[in-house]
$ cat final08.cif   # mmCIF, C-alpha atoms and all ligand atoms
data_data
#
loop_
_atom_site.group_PDB
_atom_site.id
_atom_site.type_symbol
_atom_site.label_atom_id
_atom_site.label_comp_id
_atom_site.auth_asym_id
_atom_site.auth_seq_id
_atom_site.Cartn_x
_atom_site.Cartn_y
_atom_site.Cartn_z
ATOM 1 C CA MET A 1 -75.841 -169.933 37.042
ATOM 2 C CA TYR A 2 -77.481 -167.507 34.664
ATOM 3 C CA ALA A 3 -79.236 -164.325 35.702
ATOM 4 C CA THR A 4 -80.375 -161.222 33.904
ATOM 5 C CA PHE A 5 -80.216 -157.724 35.399
ATOM 6 C CA GLY A 6 -82.008 -155.401 32.997
ATOM 7 C CA CYS A 7 -80.126 -155.828 29.752
ATOM 8 C CA ILE A 8 -77.030 -157.151 31.488
ATOM 9 C CA HIS A 9 -76.489 -160.909 31.457
ATOM 10 C CA VAL A 10 -74.400 -162.372 34.228
ATOM 11 C CA ASP A 11 -73.444 -166.004 33.999
ATOM 12 C CA ASN A 12 -70.135 -166.254 35.794
ATOM 13 C CA ILE A 13 -67.690 -164.402 38.005
ATOM 14 C CA PHE A 14 -65.937 -162.861 35.019
ATOM 15 C CA PHE A 15 -68.999 -160.947 33.986
ATOM 16 C CA ARG A 16 -69.353 -159.693 37.505
ATOM 17 C CA THR A 17 -65.958 -157.985 37.234
ATOM 18 C CA GLN A 18 -66.675 -156.818 33.694
ATOM 19 C CA TYR A 19 -69.955 -155.181 34.531
ATOM 20 C CA GLY A 20 -69.109 -153.617 37.841
ATOM 21 C CA VAL A 21 -69.691 -154.266 41.468
ATOM 22 C CA LEU A 22 -72.795 -155.726 43.023
ATOM 23 C CA THR A 23 -73.748 -152.963 45.476
ATOM 24 C CA ASN A 24 -77.030 -152.886 47.445
ATOM 25 C CA ASN A 25 -78.133 -155.856 45.406
ATOM 26 C CA LYS A 26 -78.018 -153.766 42.219
ATOM 27 C CA PHE A 27 -75.548 -153.827 39.353
ATOM 28 C CA MET A 28 -74.065 -150.526 38.238
ATOM 29 C CA ASN A 29 -75.515 -149.739 34.840
ATOM 30 C CA TYR A 30 -72.713 -149.962 32.312
ATOM 31 C CA SER A 31 -73.397 -146.463 31.010
ATOM 32 C CA GLU A 32 -71.588 -145.156 34.120
ATOM 33 C CA LYS A 33 -68.685 -147.464 33.407
ATOM 34 C CA PHE A 34 -68.604 -146.346 29.759
ATOM 35 C CA GLU A 35 -68.592 -142.684 30.799
ATOM 36 C CA LYS A 36 -65.465 -143.301 32.879
ATOM 37 C CA MET A 37 -63.836 -145.445 30.171
ATOM 38 C CA ARG A 38 -64.470 -142.565 27.743
ATOM 39 C CA THR A 39 -62.681 -140.134 30.055
ATOM 40 C CA ALA A 40 -59.707 -142.454 30.588
ATOM 41 C CA GLY A 41 -59.480 -143.430 26.932
ATOM 42 C CA ASN A 42 -59.661 -139.822 25.853
ATOM 43 C CA LEU A 43 -56.808 -138.841 28.184
ATOM 44 C CA ALA A 44 -54.594 -141.622 26.791
ATOM 45 C CA ALA A 45 -55.461 -140.618 23.202
ATOM 46 C CA ARG A 46 -54.787 -136.930 23.903
ATOM 47 C CA THR A 47 -51.398 -137.913 25.299
ATOM 48 C CA LEU A 48 -50.518 -139.572 21.983
ATOM 49 C CA ASP A 49 -51.900 -136.546 20.104
ATOM 50 C CA MET A 50 -49.606 -134.275 22.145
ATOM 51 C CA LEU A 51 -46.616 -136.584 21.569
ATOM 52 C CA THR A 52 -47.205 -136.525 17.804
ATOM 53 C CA GLU A 53 -45.916 -132.944 17.637
ATOM 54 C CA ASN A 54 -42.810 -133.899 19.619
ATOM 55 C CA ILE A 55 -41.644 -137.230 18.206
ATOM 56 C CA LYS A 56 -38.980 -136.183 15.710
ATOM 57 C CA GLU A 57 -35.400 -137.091 14.807
ATOM 58 C CA GLY A 58 -33.124 -136.430 17.824
ATOM 59 C CA ILE A 59 -35.651 -137.009 20.631
ATOM 60 C CA SER A 60 -34.818 -139.751 23.144
ATOM 61 C CA THR A 61 -37.375 -142.315 24.271
ATOM 62 C CA ASP A 62 -36.834 -141.023 27.841
ATOM 63 C CA GLN A 63 -37.929 -137.554 26.707
ATOM 64 C CA ILE A 64 -41.099 -139.111 25.244
ATOM 65 C CA ASN A 65 -41.637 -140.826 28.618
ATOM 66 C CA LYS A 66 -41.255 -137.547 30.520
ATOM 67 C CA LEU A 67 -43.626 -135.652 28.230
ATOM 68 C CA GLY A 68 -46.232 -138.407 28.557
ATOM 69 C CA TYR A 69 -45.908 -138.633 32.335
ATOM 70 C CA GLU A 70 -46.288 -134.871 32.790
ATOM 71 C CA PHE A 71 -49.220 -134.556 30.396
ATOM 72 C CA ILE A 72 -51.209 -137.292 32.132
ATOM 73 C CA ARG A 73 -50.381 -135.903 35.584
ATOM 74 C CA ASP A 74 -51.294 -132.346 34.562
ATOM 75 C CA ASN A 75 -54.646 -133.591 33.297
ATOM 76 C CA GLY A 76 -55.619 -135.299 36.534
ATOM 77 C CA GLY A 77 -54.540 -138.843 35.739
ATOM 78 C CA PHE A 78 -51.760 -141.300 36.521
ATOM 79 C CA SER A 79 -49.619 -143.367 34.140
ATOM 80 C CA ALA A 80 -50.582 -147.010 34.677
ATOM 81 C CA PRO A 81 -47.242 -148.572 33.613
ATOM 82 C CA LEU A 82 -45.308 -146.685 36.325
ATOM 83 C CA PHE A 83 -44.616 -149.177 39.142
ATOM 84 C CA TYR A 84 -46.753 -151.800 37.380
ATOM 85 C CA ARG A 85 -45.137 -155.147 38.225
ATOM 86 C CA GLY A 86 -41.814 -153.403 38.680
ATOM 87 C CA PHE A 87 -41.905 -151.360 35.450
ATOM 88 C CA THR A 88 -39.974 -148.133 36.111
ATOM 89 C CA LYS A 89 -41.268 -145.884 33.313
ATOM 90 C CA SER A 90 -44.637 -144.285 32.496
ATOM 91 C CA LEU A 91 -45.168 -145.619 28.974
ATOM 92 C CA CYS A 92 -43.619 -148.105 26.544
ATOM 93 C CA THR A 93 -41.469 -147.172 23.545
ATOM 94 C CA SER A 94 -40.844 -150.067 21.156
ATOM 95 C CA VAL A 95 -38.440 -149.218 18.331
ATOM 96 C CA ASN A 96 -38.053 -151.154 15.026
ATOM 97 C CA HIS A 97 -37.653 -154.866 15.854
ATOM 98 C CA VAL A 98 -38.921 -154.372 19.428
ATOM 99 C CA ILE A 99 -42.393 -155.933 19.520
ATOM 100 C CA CYS A 100 -43.672 -154.410 22.777
ATOM 101 C CA HIS A 101 -42.833 -153.242 26.317
ATOM 102 C CA GLY A 102 -39.714 -151.345 25.226
ATOM 103 C CA ILE A 103 -38.364 -149.375 28.199
ATOM 104 C CA PRO A 104 -37.720 -145.666 27.601
ATOM 105 C CA SER A 105 -33.985 -144.900 27.751
ATOM 106 C CA ASP A 106 -31.417 -142.432 26.451
ATOM 107 C CA ARG A 107 -31.777 -143.993 22.985
ATOM 108 C CA ILE A 108 -32.055 -141.213 20.401
ATOM 109 C CA LEU A 109 -34.499 -141.746 17.551
ATOM 110 C CA LYS A 110 -32.922 -141.336 14.130
ATOM 111 C CA ASN A 111 -34.027 -141.082 10.529
ATOM 112 C CA GLY A 112 -35.547 -144.386 9.364
ATOM 113 C CA ASP A 113 -36.664 -145.543 12.829
ATOM 114 C CA ALA A 114 -40.284 -146.255 13.696
ATOM 115 C CA VAL A 115 -41.494 -146.430 17.284
ATOM 116 C CA ASN A 116 -44.666 -147.680 18.935
ATOM 117 C CA VAL A 117 -45.642 -145.525 21.894
ATOM 118 C CA ASP A 118 -48.082 -147.275 24.238
ATOM 119 C CA VAL A 119 -49.869 -145.057 26.762
ATOM 120 C CA THR A 120 -52.183 -146.172 29.561
ATOM 121 C CA ALA A 121 -53.871 -143.535 31.728
ATOM 122 C CA ILE A 122 -55.786 -144.122 34.947
ATOM 123 C CA ILE A 123 -58.396 -141.558 35.879
ATOM 124 C CA ASP A 124 -61.368 -141.953 38.232
ATOM 125 C CA ASP A 125 -60.221 -145.565 38.799
ATOM 126 C CA HIS A 126 -60.640 -146.474 35.121
ATOM 127 C CA TYR A 127 -57.994 -147.345 32.536
ATOM 128 C CA GLY A 128 -57.545 -146.165 28.934
ATOM 129 C CA ASP A 129 -54.904 -148.051 26.933
ATOM 130 C CA THR A 130 -53.822 -147.078 23.416
ATOM 131 C CA SER A 131 -50.780 -147.134 21.166
ATOM 132 C CA ARG A 132 -49.766 -145.814 17.765
ATOM 133 C CA MET A 133 -46.726 -146.020 15.507
ATOM 134 C CA PHE A 134 -44.578 -142.959 14.799
ATOM 135 C CA CYS A 135 -42.118 -142.728 11.907
ATOM 136 C CA ILE A 136 -38.903 -140.722 12.007
ATOM 137 C CA GLY A 137 -38.182 -139.122 8.631
ATOM 138 C CA GLU A 138 -38.120 -141.570 5.738
ATOM 139 C CA ILE A 139 -38.650 -145.197 6.692
ATOM 140 C CA PRO A 140 -38.176 -148.227 4.391
ATOM 141 C CA VAL A 141 -41.222 -148.931 2.212
ATOM 142 C CA LYS A 142 -41.427 -152.448 3.620
ATOM 143 C CA TYR A 143 -41.808 -151.033 7.129
ATOM 144 C CA LYS A 144 -44.404 -148.545 5.898
ATOM 145 C CA ASN A 145 -46.441 -151.413 4.425
ATOM 146 C CA LEU A 146 -46.188 -153.356 7.696
ATOM 147 C CA ILE A 147 -47.424 -150.347 9.683
ATOM 148 C CA ASP A 148 -50.342 -149.756 7.286
ATOM 149 C CA ALA A 149 -51.352 -153.440 7.407
ATOM 150 C CA THR A 150 -51.208 -153.494 11.214
ATOM 151 C CA TYR A 151 -53.468 -150.460 11.525
ATOM 152 C CA GLU A 152 -55.866 -151.819 8.925
ATOM 153 C CA ALA A 153 -55.982 -155.231 10.635
ATOM 154 C CA MET A 154 -56.898 -153.648 13.968
ATOM 155 C CA MET A 155 -59.649 -151.568 12.354
ATOM 156 C CA LYS A 156 -61.023 -154.534 10.379
ATOM 157 C CA ALA A 157 -61.372 -156.421 13.664
ATOM 158 C CA ILE A 158 -63.003 -153.459 15.425
ATOM 159 C CA LYS A 159 -65.550 -152.914 12.653
ATOM 160 C CA ILE A 160 -67.129 -156.369 13.082
ATOM 161 C CA LEU A 161 -67.755 -155.887 16.826
ATOM 162 C CA LYS A 162 -71.298 -156.219 18.169
ATOM 163 C CA PRO A 163 -73.151 -158.462 20.620
ATOM 164 C CA GLY A 164 -73.150 -162.088 19.499
ATOM 165 C CA VAL A 165 -69.871 -161.844 17.568
ATOM 166 C CA LYS A 166 -67.344 -164.298 19.040
ATOM 167 C CA LEU A 167 -63.978 -163.446 20.543
ATOM 168 C CA GLY A 168 -62.281 -165.749 17.994
ATOM 169 C CA ASP A 169 -63.702 -163.693 15.117
ATOM 170 C CA ILE A 170 -61.416 -160.832 16.169
ATOM 171 C CA GLY A 171 -58.302 -162.989 15.817
ATOM 172 C CA TYR A 172 -59.550 -164.412 12.542
ATOM 173 C CA GLU A 173 -59.990 -160.956 10.988
ATOM 174 C CA ILE A 174 -56.481 -159.900 11.951
ATOM 175 C CA GLN A 175 -54.653 -163.114 11.114
ATOM 176 C CA SER A 176 -56.287 -163.698 7.732
ATOM 177 C CA PHE A 177 -55.647 -160.114 6.654
ATOM 178 C CA VAL A 178 -51.962 -159.871 7.589
ATOM 179 C CA GLU A 179 -50.912 -163.407 6.634
ATOM 180 C CA GLU A 180 -52.266 -162.771 3.135
ATOM 181 C CA LYS A 181 -49.627 -160.026 2.911
ATOM 182 C CA GLY A 182 -46.859 -162.335 4.137
ATOM 183 C CA PHE A 183 -46.716 -160.902 7.662
ATOM 184 C CA SER A 184 -47.124 -162.832 10.927
ATOM 185 C CA VAL A 185 -49.154 -162.385 14.122
ATOM 186 C CA VAL A 186 -47.268 -162.420 17.440
ATOM 187 C CA ARG A 187 -48.716 -165.165 19.665
ATOM 188 C CA ASP A 188 -47.050 -164.447 23.007
ATOM 189 C CA PHE A 189 -48.947 -161.217 23.756
ATOM 190 C CA CYS A 190 -52.610 -160.424 23.389
ATOM 191 C CA GLY A 191 -55.307 -157.851 24.029
ATOM 192 C CA HIS A 192 -57.135 -157.946 27.363
ATOM 193 C CA GLY A 193 -60.187 -156.963 29.289
ATOM 194 C CA ILE A 194 -59.739 -153.554 30.899
ATOM 195 C CA SER A 195 -61.875 -151.389 33.182
ATOM 196 C CA THR A 196 -61.007 -150.737 36.826
ATOM 197 C CA THR A 197 -57.970 -153.007 36.406
ATOM 198 C CA PHE A 198 -55.233 -152.764 33.775
ATOM 199 C CA HIS A 199 -55.391 -156.381 32.606
ATOM 200 C CA GLU A 200 -58.391 -158.617 33.258
ATOM 201 C CA PRO A 201 -60.173 -161.438 31.435
ATOM 202 C CA PRO A 202 -60.750 -162.158 28.655
ATOM 203 C CA ASN A 203 -57.546 -162.616 26.675
ATOM 204 C CA VAL A 204 -58.120 -161.171 23.220
ATOM 205 C CA LEU A 205 -55.991 -163.222 20.826
ATOM 206 C CA HIS A 206 -54.959 -161.652 17.533
ATOM 207 C CA TYR A 207 -55.064 -164.975 15.705
ATOM 208 C CA GLY A 208 -57.778 -167.622 15.684
ATOM 209 C CA ASN A 209 -60.759 -169.230 14.081
ATOM 210 C CA LYS A 210 -64.082 -167.779 13.036
ATOM 211 C CA ASN A 211 -67.028 -168.575 15.305
ATOM 212 C CA SER A 212 -64.857 -169.700 18.228
ATOM 213 C CA GLY A 213 -64.595 -168.465 21.796
ATOM 214 C CA MET A 214 -67.009 -166.545 23.986
ATOM 215 C CA ASP A 215 -69.825 -164.303 22.814
ATOM 216 C CA LEU A 216 -69.335 -160.548 22.965
ATOM 217 C CA ARG A 217 -71.973 -158.861 25.119
ATOM 218 C CA PRO A 218 -73.032 -155.277 25.802
ATOM 219 C CA GLY A 219 -70.942 -153.697 28.556
ATOM 220 C CA MET A 220 -67.737 -155.652 27.872
ATOM 221 C CA THR A 221 -64.626 -153.482 27.614
ATOM 222 C CA PHE A 222 -61.305 -154.726 26.221
ATOM 223 C CA THR A 223 -58.334 -153.829 24.062
ATOM 224 C CA ILE A 224 -57.387 -154.934 20.570
ATOM 225 C CA GLU A 225 -53.647 -154.462 20.068
ATOM 226 C CA PRO A 226 -52.185 -156.617 17.296
ATOM 227 C CA MET A 227 -48.409 -156.986 17.124
ATOM 228 C CA ILE A 228 -47.468 -157.872 13.545
ATOM 229 C CA ASN A 229 -44.007 -158.903 12.337
ATOM 230 C CA ALA A 230 -42.490 -158.585 8.876
ATOM 231 C CA GLY A 231 -40.809 -161.957 9.432
ATOM 232 C CA LYS A 232 -41.679 -164.841 11.745
ATOM 233 C CA TYR A 233 -43.841 -164.427 14.825
ATOM 234 C CA ASN A 234 -41.338 -165.815 17.325
ATOM 235 C CA VAL A 235 -40.407 -163.654 20.289
ATOM 236 C CA LYS A 236 -37.161 -163.267 22.226
ATOM 237 C CA MET A 237 -37.170 -161.658 25.680
ATOM 238 C CA LEU A 238 -34.266 -159.395 26.639
ATOM 239 C CA ASN A 239 -32.521 -159.714 30.006
ATOM 240 C CA ASP A 240 -34.326 -156.645 31.402
ATOM 241 C CA GLY A 241 -37.351 -158.925 31.735
ATOM 242 C CA TRP A 242 -39.619 -156.607 29.736
ATOM 243 C CA THR A 243 -38.375 -155.892 26.219
ATOM 244 C CA ALA A 244 -39.794 -158.344 23.667
ATOM 245 C CA VAL A 245 -38.026 -158.424 20.294
ATOM 246 C CA THR A 246 -38.521 -160.455 17.127
ATOM 247 C CA LYS A 247 -36.332 -163.555 17.271
ATOM 248 C CA ASP A 248 -35.375 -163.153 13.596
ATOM 249 C CA LYS A 249 -34.695 -159.395 14.088
ATOM 250 C CA SER A 250 -37.425 -158.522 11.566
ATOM 251 C CA LEU A 251 -39.425 -155.308 11.977
ATOM 252 C CA SER A 252 -42.556 -155.238 14.117
ATOM 253 C CA ALA A 253 -45.559 -152.890 14.335
ATOM 254 C CA GLN A 254 -48.482 -152.413 16.720
ATOM 255 C CA PHE A 255 -51.568 -150.261 17.255
ATOM 256 C CA GLU A 256 -53.978 -150.455 20.189
ATOM 257 C CA HIS A 257 -57.469 -149.203 20.995
ATOM 258 C CA THR A 258 -59.620 -149.655 24.099
ATOM 259 C CA ILE A 259 -63.199 -150.390 23.052
ATOM 260 C CA GLY A 260 -66.574 -151.201 24.580
ATOM 261 C CA ILE A 261 -69.390 -153.387 23.260
ATOM 262 C CA THR A 262 -72.728 -151.527 23.010
ATOM 263 C CA GLU A 263 -76.274 -152.789 22.333
ATOM 264 C CA ASN A 264 -75.784 -152.516 18.563
ATOM 265 C CA GLY A 265 -72.049 -152.365 17.999
ATOM 266 C CA TYR A 266 -69.031 -150.839 19.643
ATOM 267 C CA GLU A 267 -67.493 -147.630 20.935
ATOM 268 C CA ILE A 268 -63.793 -146.768 20.602
ATOM 269 C CA PHE A 269 -62.759 -144.976 23.809
ATOM 270 C CA THR A 270 -59.277 -144.039 22.568
ATOM 271 C CA GLU A 271 -59.993 -142.302 19.262
ATOM 272 C CA SER A 272 -57.789 -139.292 18.462
ATOM 273 C CA ALA A 273 -59.605 -135.959 18.813
ATOM 274 C CA LYS A 274 -57.215 -134.643 16.149
ATOM 275 C CA GLY A 275 -58.018 -137.367 13.645
ATOM 276 C CA TYR A 276 -54.567 -138.974 13.984
ATOM 277 C CA LEU A 277 -55.014 -142.531 12.734
ATOM 278 C CA LYS A 278 -51.672 -143.797 11.426
ATOM 279 C CA PRO A 279 -48.517 -142.166 10.094
ATOM 280 C CA PRO A 280 -48.021 -139.780 8.425
ATOM 281 C CA TYR A 281 -49.952 -137.582 10.885
ATOM 282 C CA LEU A 282 -50.675 -134.511 8.775
HETATM 283 N N1 LIG A 301 -49.825 -151.012 27.697
HETATM 284 C C1 LIG A 301 -49.471 -152.402 27.634
HETATM 285 C C2 LIG A 301 -50.703 -153.130 27.146
HETATM 286 O O1 LIG A 301 -51.190 -152.783 26.125
HETATM 287 C C3 LIG A 301 -48.998 -152.936 28.930
HETATM 288 C C4 LIG A 301 -47.713 -152.350 29.352
HETATM 289 S S1 LIG A 301 -47.271 -153.016 30.861
HETATM 290 C C5 LIG A 301 -45.858 -152.197 31.212
HETATM 291 O O2 LIG A 301 -51.268 -153.979 27.760
HETATM 292 F F1 LIG A 301 -45.591 -152.443 32.427
HETATM 293 F F2 LIG A 301 -44.929 -152.582 30.372
HETATM 294 F F3 LIG A 301 -46.059 -150.915 31.025
HETATM 295 CO CO CO A 302 -53.199 -153.194 26.358
HETATM 296 CO CO CO A 303 -51.089 -150.714 25.853
#
$ encode --input "final08.cif" --output "structure tokens"
Amino acid sequence: MYATFGCIHVDNIFFRTQYGVLTNNKFMNYSEKFEKMRTAGNLAARTLDMLTENIKEGISTDQINKLGYEFIRDNGGFSAPLFYRGFTKSLCTSVNHVICHGIPSDRILKNGDAVNVDVTAIIDDHYGDTSRMFCIGEIPVKYKNLIDATYEAMMKAIKILKPGVKLGDIGYEIQSFVEEKGFSVVRDFCGHGISTTFHEPPNVLHYGNKNSGMDLRPGMTFTIEPMINAGKYNVKMLNDGWTAVTKDKSLSAQFEHTIGITENGYEIFTESAKGYLKPPYL
């Protein structure tokens, strides 16, 4: 089935969930959805901005969790990870060779560590999901290069976004860029559709072939969140059921933005109001 509602094309059930609910025989215009995604994305980004001032040598990942939880609550939102599929904390802290979903604990960050903090805020039923890397003191130059390449790969993929571009083009941009530098793309986790649910179709792979996969269309909202390893891409899961680490114990980096596809291009919902892009945050 293929139907057109104004400028919104609906050809399967997935696009129904992407574009909103069919109420009174009328689809919600996606500008309302984008307004809410902007609010949620901005709250998540402001949480990371606030944490930037606090993430220093000697802080524990639990303290980062508490600061994030309180900031989101005090600004009218709720932390999406808390109680999500049994997760007991309000954000993820993934240190050094942890790829993603690190659980905040009493671990103290020390000179030479780097940590990904991944924040997801829910506000007005919409989700904003974003993560950045934070460096503690002086980190090895190899790690610095990995972090820079990961940020650049995410931005290269974002910059090509517009209607008609294919989902596989995103993965191609990221994979070709980082593999050229000798790094690898984690396969076991991917970006995802996001709107009034945390994780929804489509899967946004960070590796892939040009001109493959579904067409991007105005109104789609999803994350791009490449996890890039200094060594091989293989993952090992820890016994806590959440923490994913590199199998070869090599360092790993990640950044994440929530974005929307517009008529002519894209909008990043999770941009820093303070201009914080990647470390060092000056
Ligand atoms: N924020 C993560 C993502 O980017 C998901 C974390 S799920 C949690 O999709 F339960 F670990 F918090
Ligand atoms: Co995400
Ligand atoms: Co996230």
$ residues_near_ligand --input "final08.cif" --ligand "ligand LIG 301 (chain A)" --cutoff "6 Å" --atoms "only C-alpha atoms and all ligand atoms" --output "PyMOL selection string"
chain A and resi 81+84+87+91-92+101+118+120+129
$ write_last_selection --input "final08.cif" --atoms "C-alpha atoms" --output "PDB file, in the coordinates of the input"
ATOM      1  CA  PRO A  81     -47.242-148.572  33.613  1.00  0.00           C
ATOM      2  CA  TYR A  84     -46.753-151.800  37.380  1.00  0.00           C
ATOM      3  CA  PHE A  87     -41.905-151.360  35.450  1.00  0.00           C
ATOM      4  CA  LEU A  91     -45.168-145.619  28.974  1.00  0.00           C
ATOM      5  CA  CYS A  92     -43.619-148.105  26.544  1.00  0.00           C
ATOM      6  CA  HIS A 101     -42.833-153.242  26.317  1.00  0.00           C
ATOM      7  CA  ASP A 118     -48.082-147.275  24.238  1.00  0.00           C
ATOM      8  CA  THR A 120     -52.183-146.172  29.561  1.00  0.00           C
ATOM      9  CA  ASP A 129     -54.904-148.051  26.933  1.00  0.00           C
TER      10      ASP A 129
END
$ resolve_selection --input "final08.cif" --expression "the PyMOL selection byres (((not hetatm)) within 10 of (chain A and resi 302))" --output "PyMOL selection string"
chain A and resi 118-120+127-131+189-194+198-199+204+222-226+255-258
$ closest_residue --input "final08.cif" --among "A:Asp169, A:Asp248, A:Glu152, A:Glu53" --to "A:Lys232" --atoms "all atoms listed in the file"
A:Asp248
$ resolve_selection --input "final08.cif" --expression "the PyMOL selection byres (((chain A and resi 115) around 6) and not hetatm)" --output "VMD selection string"
chain A and resid 94 to 95 114 116 133 to 134
$ atom_distance --input "final08.cif" --atom1 "atom CA of A:Tyr172" --atom2 "atom CA of A:Ile158"
11.8 Å
$ closest_residue --input "final08.cif" --among "A:Thr262, A:Thr150, A:Ser79, A:Asn211" --to "ligand CO 303 (chain A)" --atoms "only C-alpha atoms and all ligand atoms"
A:Ser79
$ closest_residue --input "final08.cif" --among "A:Lys249, A:Lys210, A:Lys236, A:Lys142" --to "A:Asn96" --atoms "only C-alpha atoms"
A:Lys249
$ closest_residue --input "final08.cif" --among "A:Gly164, A:Gly219, A:Gly137, A:Gly231" --to "A:Lys181" --atoms "all atoms listed in the file"
A:Gly231
$ atom_distance --input "final08.cif" --atom1 "atom CA of A:Lys247" --atom2 "atom CA of A:Ile136"
23.6 Å
$ residues_around --input "final08.cif" --residues "A:Tyr266" --least-positions-apart "2" --cutoff "10 Å" --atoms "all atoms listed in the file" --output "JSON, numbers by chain"
{"A": [158, 159, 160, 161, 162, 163, 218, 219, 220, 221, 259, 260, 261, 262, 263, 264, 268, 269]}
$ atom_distance --input "final08.cif" --atom1 "atom CA of A:Leu282" --atom2 "atom CA of A:Glu173"
28.1 Å
$ closest_residue --input "final08.cif" --among "A:Pro202, A:Asn111, A:Gly76, A:Ala44" --to "ligand CO 303 (chain A)" --atoms "only C-alpha atoms and all ligand atoms"
A:Ala44
$ closest_residue --input "final08.cif" --among "A:Ile174, A:Gly265, A:Thr270, A:Ser212" --to "ligand CO 303 (chain A)" --atoms "only C-alpha atoms and all ligand atoms"
A:Thr270
$ residues_around --input "final08.cif" --residues "A:Tyr281" --least-positions-apart "6" --cutoff "12 Å" --atoms "only C-alpha atoms" --output "PDB file with C-alpha atoms, in the frame of the given file"
ATOM      1  CA  LEU A  48     -50.518-139.572  21.983  1.00  0.00           C
ATOM      2  CA  ASP A  49     -51.900-136.546  20.104  1.00  0.00           C
ATOM      3  CA  MET A  50     -49.606-134.275  22.145  1.00  0.00           C
ATOM      4  CA  LEU A  51     -46.616-136.584  21.569  1.00  0.00           C
ATOM      5  CA  THR A  52     -47.205-136.525  17.804  1.00  0.00           C
ATOM      6  CA  GLU A  53     -45.916-132.944  17.637  1.00  0.00           C
ATOM      7  CA  ASN A  54     -42.810-133.899  19.619  1.00  0.00           C
ATOM      8  CA  ILE A  55     -41.644-137.230  18.206  1.00  0.00           C
ATOM      9  CA  ARG A 132     -49.766-145.814  17.765  1.00  0.00           C
ATOM     10  CA  MET A 133     -46.726-146.020  15.507  1.00  0.00           C
ATOM     11  CA  PHE A 134     -44.578-142.959  14.799  1.00  0.00           C
ATOM     12  CA  CYS A 135     -42.118-142.728  11.907  1.00  0.00           C
ATOM     13  CA  ILE A 136     -38.903-140.722  12.007  1.00  0.00           C
ATOM     14  CA  SER A 272     -57.789-139.292  18.462  1.00  0.00           C
ATOM     15  CA  LYS A 274     -57.215-134.643  16.149  1.00  0.00           C
ATOM     16  CA  GLY A 275     -58.018-137.367  13.645  1.00  0.00           C
TER      17      GLY A 275
END
$ residues_around --input "final08.cif" --residues "A:Gly68" --least-positions-apart "4" --cutoff "7 Å" --atoms "all atoms listed in the file" --output "PyMOL selection string"
chain A and resi 47+64+72
$ residues_around --input "final08.cif" --residues "A:Asp215" --least-positions-apart "4" --cutoff "7 Å" --atoms "all atoms listed in the file" --output "JSON list (two decimals) with C-alpha atoms, keeping the file's coordinate frame"
[["chain", "number", "residue", "atom", "x", "y", "z"],
["A", 164, "GLY", "CA", -73.15, -162.09, 19.50],
["A", 165, "VAL", "CA", -69.87, -161.84, 17.57],
["A", 166, "LYS", "CA", -67.34, -164.30, 19.04],
["A", 167, "LEU", "CA", -63.98, -163.45, 20.54]]
$ resolve_selection --input "final08.cif" --expression "the PyMOL selection byres (((chain A and resi 235) around 7) and not hetatm)" --output "ChimeraX atom specification"
/A:233-234,236-237,244-247
$ write_last_selection --input "final08.cif" --atoms "C-alpha atoms" --output "mmCIF file, keeping the file's coordinate frame"
data_model
loop_
_atom_site.group_PDB
_atom_site.id
_atom_site.type_symbol
_atom_site.label_atom_id
_atom_site.label_comp_id
_atom_site.auth_asym_id
_atom_site.auth_seq_id
_atom_site.Cartn_x
_atom_site.Cartn_y
_atom_site.Cartn_z
ATOM 1 C CA TYR A 233 -43.841 -164.427 14.825
ATOM 2 C CA ASN A 234 -41.338 -165.815 17.325
ATOM 3 C CA LYS A 236 -37.161 -163.267 22.226
ATOM 4 C CA MET A 237 -37.170 -161.658 25.680
ATOM 5 C CA ALA A 244 -39.794 -158.344 23.667
ATOM 6 C CA VAL A 245 -38.026 -158.424 20.294
ATOM 7 C CA THR A 246 -38.521 -160.455 17.127
ATOM 8 C CA LYS A 247 -36.332 -163.555 17.271
#
